[in-house]
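Everything below belongs to upload.txt, which stores compact mmCIF, C-alpha atoms.
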```txt
# COMPACT_ATOMS: atom_id res chain seq x y z
CA MET A 143 0.00 0.00 0.00
CA PRO A 144 1.20 3.56 -0.59
CA PRO A 145 2.27 5.40 2.58
CA GLY A 146 -0.74 6.57 4.58
CA VAL A 147 -3.23 4.32 2.79
CA THR A 148 -5.05 1.72 4.91
CA ALA A 149 -7.16 -1.32 4.07
CA THR A 150 -9.79 -3.20 6.08
CA PHE A 151 -11.94 -6.28 5.44
CA SER A 152 -15.54 -6.57 6.63
CA PRO A 153 -15.99 -9.14 7.96
CA ALA A 154 -12.36 -10.07 8.57
CA MET A 155 -13.19 -13.80 8.49
CA VAL A 156 -15.65 -15.67 6.25
CA GLN A 157 -16.73 -19.23 5.58
CA PRO A 158 -16.28 -20.78 2.11
CA GLY A 159 -18.80 -19.27 -0.30
CA GLN A 160 -19.23 -16.07 1.72
CA SER A 161 -17.94 -12.60 0.80
CA SER A 162 -15.86 -9.94 2.52
CA VAL A 163 -15.72 -6.29 1.45
CA LEU A 164 -12.30 -4.67 1.13
CA THR A 165 -12.33 -0.94 1.91
CA VAL A 166 -9.28 1.11 0.97
CA THR A 167 -8.99 4.52 2.66
CA VAL A 168 -6.84 7.14 0.94
CA PRO A 169 -5.82 10.43 2.63
CA THR A 170 -6.76 13.56 0.66
CA ALA A 171 -3.10 14.53 0.18
CA GLU A 172 -2.02 11.10 -1.08
CA ARG A 173 0.16 10.92 -4.15
CA ASN A 174 -1.47 10.24 -7.52
CA GLY A 175 -0.52 7.02 -9.26
CA SER A 176 -1.40 3.38 -9.85
CA TYR A 177 -0.44 0.83 -7.22
CA PRO A 178 -0.70 -2.96 -7.62
CA LEU A 179 -2.43 -4.77 -4.74
CA GLU A 180 -2.23 -8.44 -3.87
CA ILE A 181 -5.06 -9.75 -1.71
CA THR A 182 -4.36 -12.94 0.23
CA GLY A 183 -6.85 -15.23 1.91
CA THR A 184 -5.65 -18.05 4.17
CA ASP A 185 -6.93 -20.82 6.35
CA THR A 186 -5.29 -23.84 7.96
CA SER A 187 -5.11 -25.82 4.72
CA ALA A 188 -5.03 -23.36 1.79
CA THR A 189 -3.99 -19.94 0.59
CA GLN A 190 -5.63 -18.04 -2.25
CA TYR A 191 -4.54 -14.86 -4.01
CA ALA A 192 -6.28 -12.14 -5.99
CA SER A 193 -4.71 -9.17 -7.74
CA ALA A 194 -6.13 -5.67 -8.12
CA GLU A 195 -4.88 -2.16 -8.81
CA LEU A 196 -5.48 0.98 -6.80
CA THR A 197 -5.54 4.14 -8.93
CA ILE A 198 -5.39 7.46 -7.08
CA THR A 199 -6.46 10.67 -8.83
CA GLY A 200 -7.22 14.08 -7.42
CA GLY A 201 -4.37 13.85 -4.94
CA GLU A 202 -0.82 15.17 -5.11
CA THR A 203 1.44 14.81 -8.14
CA LEU A 204 5.15 14.26 -7.49
CA ALA A 205 7.17 17.45 -7.93
CA VAL A 206 10.92 17.91 -7.53
CA ALA A 207 11.97 21.48 -6.75
CA GLY A 208 14.85 23.50 -5.34
CA LEU A 209 17.63 21.65 -7.18
CA SER A 210 20.95 22.91 -5.82
CA VAL A 211 24.38 21.58 -6.83
CA SER A 212 27.65 22.27 -4.99
CA ASP A 213 29.65 22.34 -8.21
CA PRO A 214 29.60 25.89 -9.61
CA ALA A 215 31.52 24.92 -12.74
CA ASN A 216 28.95 22.35 -13.85
CA ALA A 217 25.72 23.14 -11.97
CA ALA A 218 24.09 24.65 -15.08
CA ALA A 219 24.23 21.24 -16.79
CA TRP A 220 22.03 19.66 -14.09
CA SER A 221 18.25 19.65 -14.57
CA VAL A 222 15.04 17.92 -13.48
CA GLN A 223 13.59 15.79 -16.28
CA GLN A 224 10.38 13.81 -16.80
CA ASN A 225 9.59 10.41 -18.32
CA LEU A 226 12.95 8.60 -18.25
CA GLN A 227 13.27 6.49 -21.40
CA PRO A 228 15.94 4.81 -23.54
CA GLY A 229 17.38 7.35 -25.96
CA ASP A 230 17.39 10.23 -23.46
CA LEU A 231 20.59 12.22 -23.05
CA LEU A 232 22.01 10.95 -19.76
CA TYR A 233 24.14 14.00 -18.94
CA GLY A 234 23.79 17.71 -19.50
CA ASP A 235 27.38 18.01 -20.64
CA ARG A 236 27.81 14.88 -22.79
CA THR A 237 26.14 13.21 -25.77
CA PHE A 238 25.91 9.86 -23.93
CA THR A 239 22.44 8.33 -24.15
CA VAL A 240 20.37 5.98 -22.00
CA ALA A 241 20.43 2.47 -23.51
CA SER A 242 18.12 0.60 -21.10
CA VAL A 243 16.00 1.44 -18.04
CA PRO A 244 14.66 -1.07 -15.48
CA ALA A 245 10.93 -1.58 -16.06
CA GLY A 246 9.95 -0.14 -12.69
CA LEU A 247 11.82 3.10 -13.35
CA ALA A 248 10.84 3.77 -16.96
CA GLY A 249 8.72 6.91 -17.19
CA ALA A 250 9.94 8.25 -13.83
CA THR A 251 10.99 11.77 -12.91
CA TRP A 252 14.79 12.00 -12.91
CA ILE A 253 17.69 14.39 -12.51
CA ARG A 254 20.06 14.76 -15.45
CA THR A 255 23.46 15.30 -13.88
CA ALA A 256 26.74 16.60 -15.32
CA ASN A 257 29.34 13.92 -15.99
CA SER A 258 32.08 16.39 -15.10
CA SER A 259 30.64 16.56 -11.55
CA LYS A 260 31.98 13.06 -10.90
CA THR A 261 35.31 14.31 -9.51
CA VAL A 262 33.75 16.84 -7.11
CA THR A 263 34.04 15.92 -3.41
CA ALA A 264 31.64 18.48 -1.85
CA ASP A 265 29.25 16.78 0.58
CA PRO A 266 26.36 17.05 0.04
CA LEU A 267 26.84 17.45 -3.67
CA VAL A 268 23.16 17.92 -4.50
CA THR A 269 20.00 18.81 -2.62
CA PHE A 270 16.39 18.98 -3.80
CA SER A 271 12.94 18.85 -2.27
CA LEU A 272 10.00 16.46 -2.67
CA ASN A 273 6.40 17.54 -2.20
CA VAL A 274 5.29 13.96 -1.44
CA PRO A 275 7.01 10.80 -0.12
CA ALA A 276 8.98 9.08 -2.87
CA THR A 277 11.61 6.47 -3.66
CA VAL A 278 14.95 7.95 -4.66
CA SER A 279 17.17 5.74 -6.81
CA VAL A 280 20.85 6.42 -7.48
CA ALA A 281 22.36 4.59 -10.47
CA VAL A 282 26.11 4.24 -9.87
CA ASP A 283 28.70 3.24 -12.47
CA THR A 284 29.79 -0.31 -11.60
CA ARG A 285 33.39 0.66 -12.39
CA VAL A 286 33.49 2.88 -9.29
CA GLY A 287 31.03 0.89 -7.16
CA ARG A 288 28.87 1.78 -4.18
CA ARG A 289 29.77 5.20 -2.80
CA PRO A 290 30.56 5.49 0.94
CA TRP A 291 27.46 7.61 1.69
CA LEU A 292 25.19 4.90 0.25
CA ASP A 293 24.99 3.23 3.65
CA SER A 294 22.86 0.27 4.79
CA SER A 295 19.70 2.40 4.61
CA TRP A 296 20.07 2.24 0.82
CA VAL A 297 18.96 -1.03 -0.79
CA ASP A 298 20.99 -2.56 -3.61
CA THR A 299 18.07 -3.49 -5.87
CA GLY A 300 20.06 -5.63 -8.28
CA LEU A 301 18.51 -3.51 -11.05
CA GLN A 302 20.77 -1.98 -13.66
CA LEU A 303 20.58 0.99 -16.00
CA THR A 304 22.87 1.08 -19.03
CA ASP A 305 24.08 3.84 -21.31
CA THR A 306 25.89 4.23 -24.60
CA GLU A 307 29.08 6.27 -24.54
CA GLY A 308 30.32 6.43 -28.11
CA SER A 309 31.33 2.90 -29.01
CA SER A 310 31.13 1.71 -25.38
CA SER A 311 28.29 0.66 -23.11
CA ARG A 312 28.37 1.23 -19.35
CA THR A 313 26.38 -0.39 -16.55
CA PHE A 314 25.00 1.39 -13.49
CA GLU A 315 23.85 -0.42 -10.34
CA VAL A 316 20.65 0.99 -8.81
CA TYR A 317 20.44 1.77 -5.07
CA GLN A 318 17.14 2.90 -3.52
CA LYS A 319 15.88 4.60 -0.40
CA GLU A 320 12.45 5.82 0.71
CA PHE A 321 12.23 9.52 1.60
CA PRO A 322 9.41 11.53 3.19
CA ALA A 323 8.26 14.80 1.69
CA GLY A 324 10.94 17.45 2.26
CA GLN A 325 14.58 17.98 1.42
CA VAL A 326 16.84 15.22 0.09
CA SER A 327 20.64 15.51 0.24
CA LEU A 328 22.96 13.22 -1.70
CA GLY A 329 26.72 12.83 -1.40
CA PRO A 330 29.37 13.11 -4.09
CA ASP A 331 30.49 10.58 -6.65
CA ALA A 332 34.01 11.65 -5.59
CA ASP A 333 35.60 9.74 -8.46
CA THR A 334 38.86 11.64 -8.14
CA ALA A 335 40.64 8.99 -10.22
CA ASN A 336 38.24 9.81 -13.09
CA SER A 337 37.66 6.09 -13.63
CA GLY A 338 33.93 6.04 -14.35
CA SER A 339 30.86 8.12 -15.14
CA MET A 340 28.71 10.27 -12.85
CA TYR A 341 25.70 8.74 -11.12
CA THR A 342 22.10 9.43 -12.17
CA ILE A 343 19.17 10.20 -9.84
CA ILE A 344 15.69 8.76 -10.42
CA ILE A 345 12.62 9.64 -8.33
CA SER A 346 9.54 7.41 -8.36
```
Would you write out, as structure tokens, the structure that this file holds?
Amino acid sequence: MPPGVTATFSPAMVQPGQSSVLTVTVPTAERNGSYPLEITGTDTSATQYASAELTITGGETLAVAGLSVSDPANAAAWSVQQNLQPGDLLYGDRTFTVASVPAGLAGATWIRTANSSKTVTADPLVTFSLNVPATVSVAVDTRVGRRPWLDSSWVDTGLQLTDTEGSSSRTFEVYQKEFPAGQVSLGPDADTANSGSMYTIIIS
């Protein structure tokens, strides 16, 4: 269930052949979107499943604002983008393009970074604000690996984003963390050896 949404069954227990009504309660400020639901019924000898989808309209739409980058030389190349898709320019200062996007992140809001920001060590490197709770994903070049500030509160999803850099293709491991509405601060790539490409930020 999305944060703040609750579900109740009435009655909570039924005999075979009887019905129970599922009531889903959505706060007025809940985020718009479609959310898959799996309904499970169990007894001592069997388990049954049913799938449904909750679609919320008339609530809040995700907005990313107040983007601030502690890299004066390259900050102008950073920008908030919509609808992440293969073929998009990955960086504001390169012609590298997105080759593949994990299914769950395609179409998401994202932040196009500057590849030249990869060597900057300012911490935090970037801050921005969310108007609703959201999942923030950071796609990190596998050549440089998990950054020190991506601590245990960040989940390694096993998902990968890839890009095309001229004749080469690069792979980025996706780390995720849930954030409440408010300000988000992310650390630097700090790739002072200049051995990889800058990370990308995806908000869903």
### Among the residues A:Glu307, A:Asp230, A:Glu195, A:Asp265, the one that comes closest to Ala332 in chain A [using all atoms listed in the file]
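For Ala332 in chain A, the nearest of the candidates is A:Asp265.
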### Message
What does the structure give for the distance between CA of Ala217 in chain A and CA of Pro244 in chain A, in Å to one decimal?
### Response
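That distance, rounded to one decimal, is 26.8 Å.
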### Summary
Between A:Glu180, A:Asp333, A:Glu172, A:Asp185, smallest distance to Thr203 in chain A by all atoms listed in the file belongs to A:Glu172
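Separating CA of Val147 in chain A from CA of Leu301 in chain A is a distance of 26.9 Å.
Comparing A:Asn273, A:Asn257, A:Thr148, A:Thr251 by their smallest distance to Glu202 in chain A, the closest is A:Asn273 (using only C-alpha atoms).
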Once you count all atoms listed in the file, what closest atom pair and distance in Å to one decimal does each residue of range 179-258 of chain A within 12 Å of range 159-165 of chain A have, with rows by chain and rising residue number, as a Markdown table?
```
| residue | atom | partner | partner_atom | distance |
| --- | --- | --- | --- | --- |
| A:Leu179 | CA | A:Leu164 | CA | 11.5 |
| A:Glu180 | CA | A:Leu164 | CA | 11.9 |
| A:Ile181 | CA | A:Leu164 | CA | 9.3 |
| A:Thr182 | CA | A:Leu164 | CA | 11.5 |
| A:Gly183 | CA | A:Ser162 | CA | 10.5 |
| A:Ala192 | CA | A:Leu164 | CA | 11.9 |
| A:Ala194 | CA | A:Leu164 | CA | 11.2 |
| A:Leu196 | CA | A:Thr165 | CA | 11.2 |
```
Residues just named, written with C-alpha atoms as a PDB file, keeping the file's coordinate frame:
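Saved as out-v3.pdb:
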```pdb
ATOM      1  CA  LEU A 179      -2.430  -4.770  -4.740  1.00  0.00           C
ATOM      2  CA  GLU A 180      -2.230  -8.440  -3.870  1.00  0.00           C
ATOM      3  CA  ILE A 181      -5.060  -9.750  -1.710  1.00  0.00           C
ATOM      4  CA  THR A 182      -4.360 -12.940   0.230  1.00  0.00           C
ATOM      5  CA  GLY A 183      -6.850 -15.230   1.910  1.00  0.00           C
ATOM      6  CA  ALA A 192      -6.280 -12.140  -5.990  1.00  0.00           C
ATOM      7  CA  ALA A 194      -6.130  -5.670  -8.120  1.00  0.00           C
ATOM      8  CA  LEU A 196      -5.480   0.980  -6.800  1.00  0.00           C
TER       9      LEU A 196
END
```
Extract, using all atoms listed in the file, all DNA, RNA and protein residues at most 6 Å from Ile253 in chain A, discarding same-chain residues fewer than 5 positions from it, and format them as a PDB file with C-alpha atoms, keeping the file's coordinate frame.
```
ATOM      1  CA  SER A 221      18.250  19.650 -14.570  1.00  0.00           C
ATOM      2  CA  VAL A 222      15.040  17.920 -13.480  1.00  0.00           C
ATOM      3  CA  GLN A 223      13.590  15.790 -16.280  1.00  0.00           C
ATOM      4  CA  ILE A 343      19.170  10.200  -9.840  1.00  0.00           C
TER       5      ILE A 343
END
```
### Interatomic distance, CA of Asn336 in chain A to CA of Thr277 in chain A (Å, one decimal)
28.4 Å
### Task
Select, counting all atoms listed in the file, all protein, DNA and RNA residues no farther than 8 Å from (27.9, 15.8, -8.8) in file coordinates, and express the selection as JSON, numbers by chain.
{"A": [211, 212, 213, 255, 256, 257, 258, 259, 260, 261, 262, 267, 268, 330, 331, 340, 341]}
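Nearest residue to Gly324 in chain A, choosing from A:Pro145, A:Thr197, A:Gly208, A:Gln157 and counting only C-alpha atoms: A:Gly208.
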### Message
Ranking A:Ile198, A:Leu231, A:Leu226, A:Ala215 by minimum distance to Leu247 in chain A and counting only C-alpha atoms, which one comes first?
### Response
A:Leu226
## Note on the structure
The residue from A:Phe321, A:Tyr233, A:Tyr191, A:Phe151 with the smallest atom-to-atom distance to Leu272 in chain A, counting all atoms listed in the file, is A:Phe321
Listed atoms of range 190-196 of chain A, axis-aligned box, 8 Å per side: centre and edge lengths to one decimal in Å, as JSON?
```
{"center_x": -5.4, "center_y": -8.5, "center_z": -5.5, "size_x": 17.7, "size_y": 35.0, "size_z": 22.6}
```
### Task
Find the residues near Ala241 in chain A: any atom within 12 Å, counting all atoms listed in the file, skip ones fewer than 3 places away on the same chain, and give them as a PyMOL selection string.
chain A and resi 226-232+238+244+248+302-308+310-314
Prev. selection, C-alpha atoms, output as an mmCIF file, in the coordinates of the input:
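Resulting contents of out_34.cif:
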```
data_model
loop_
_atom_site.group_PDB
_atom_site.id
_atom_site.type_symbol
_atom_site.label_atom_id
_atom_site.label_comp_id
_atom_site.auth_asym_id
_atom_site.auth_seq_id
_atom_site.Cartn_x
_atom_site.Cartn_y
_atom_site.Cartn_z
ATOM 1 C CA LEU A 226 12.950 8.600 -18.250
ATOM 2 C CA GLN A 227 13.270 6.490 -21.400
ATOM 3 C CA PRO A 228 15.940 4.810 -23.540
ATOM 4 C CA GLY A 229 17.380 7.350 -25.960
ATOM 5 C CA ASP A 230 17.390 10.230 -23.460
ATOM 6 C CA LEU A 231 20.590 12.220 -23.050
ATOM 7 C CA LEU A 232 22.010 10.950 -19.760
ATOM 8 C CA PHE A 238 25.910 9.860 -23.930
ATOM 9 C CA PRO A 244 14.660 -1.070 -15.480
ATOM 10 C CA ALA A 248 10.840 3.770 -16.960
ATOM 11 C CA GLN A 302 20.770 -1.980 -13.660
ATOM 12 C CA LEU A 303 20.580 0.990 -16.000
ATOM 13 C CA THR A 304 22.870 1.080 -19.030
ATOM 14 C CA ASP A 305 24.080 3.840 -21.310
ATOM 15 C CA THR A 306 25.890 4.230 -24.600
ATOM 16 C CA GLU A 307 29.080 6.270 -24.540
ATOM 17 C CA GLY A 308 30.320 6.430 -28.110
ATOM 18 C CA SER A 310 31.130 1.710 -25.380
ATOM 19 C CA SER A 311 28.290 0.660 -23.110
ATOM 20 C CA ARG A 312 28.370 1.230 -19.350
ATOM 21 C CA THR A 313 26.380 -0.390 -16.550
ATOM 22 C CA PHE A 314 25.000 1.390 -13.490
#
```
### Task
Quick one: residues within 12 Å of (14.1, 16.6, -0.4) (file frame), counting all atoms listed in the file, please, as a count of residues only.
28
Leaving out range 286-293 of chain A and any residue of its chain fewer than 5 positions from it, which residues lie within 7 Å of it when counting all atoms listed in the file, given as a PDB file with C-alpha atoms, in the frame of the given file?
```pdb
ATOM      1  CA  GLY A 329      26.720  12.830  -1.400  1.00  0.00           C
ATOM      2  CA  ASP A 331      30.490  10.580  -6.650  1.00  0.00           C
ATOM      3  CA  SER A 337      37.660   6.090 -13.630  1.00  0.00           C
ATOM      4  CA  GLY A 338      33.930   6.040 -14.350  1.00  0.00           C
TER       5      GLY A 338
END
```
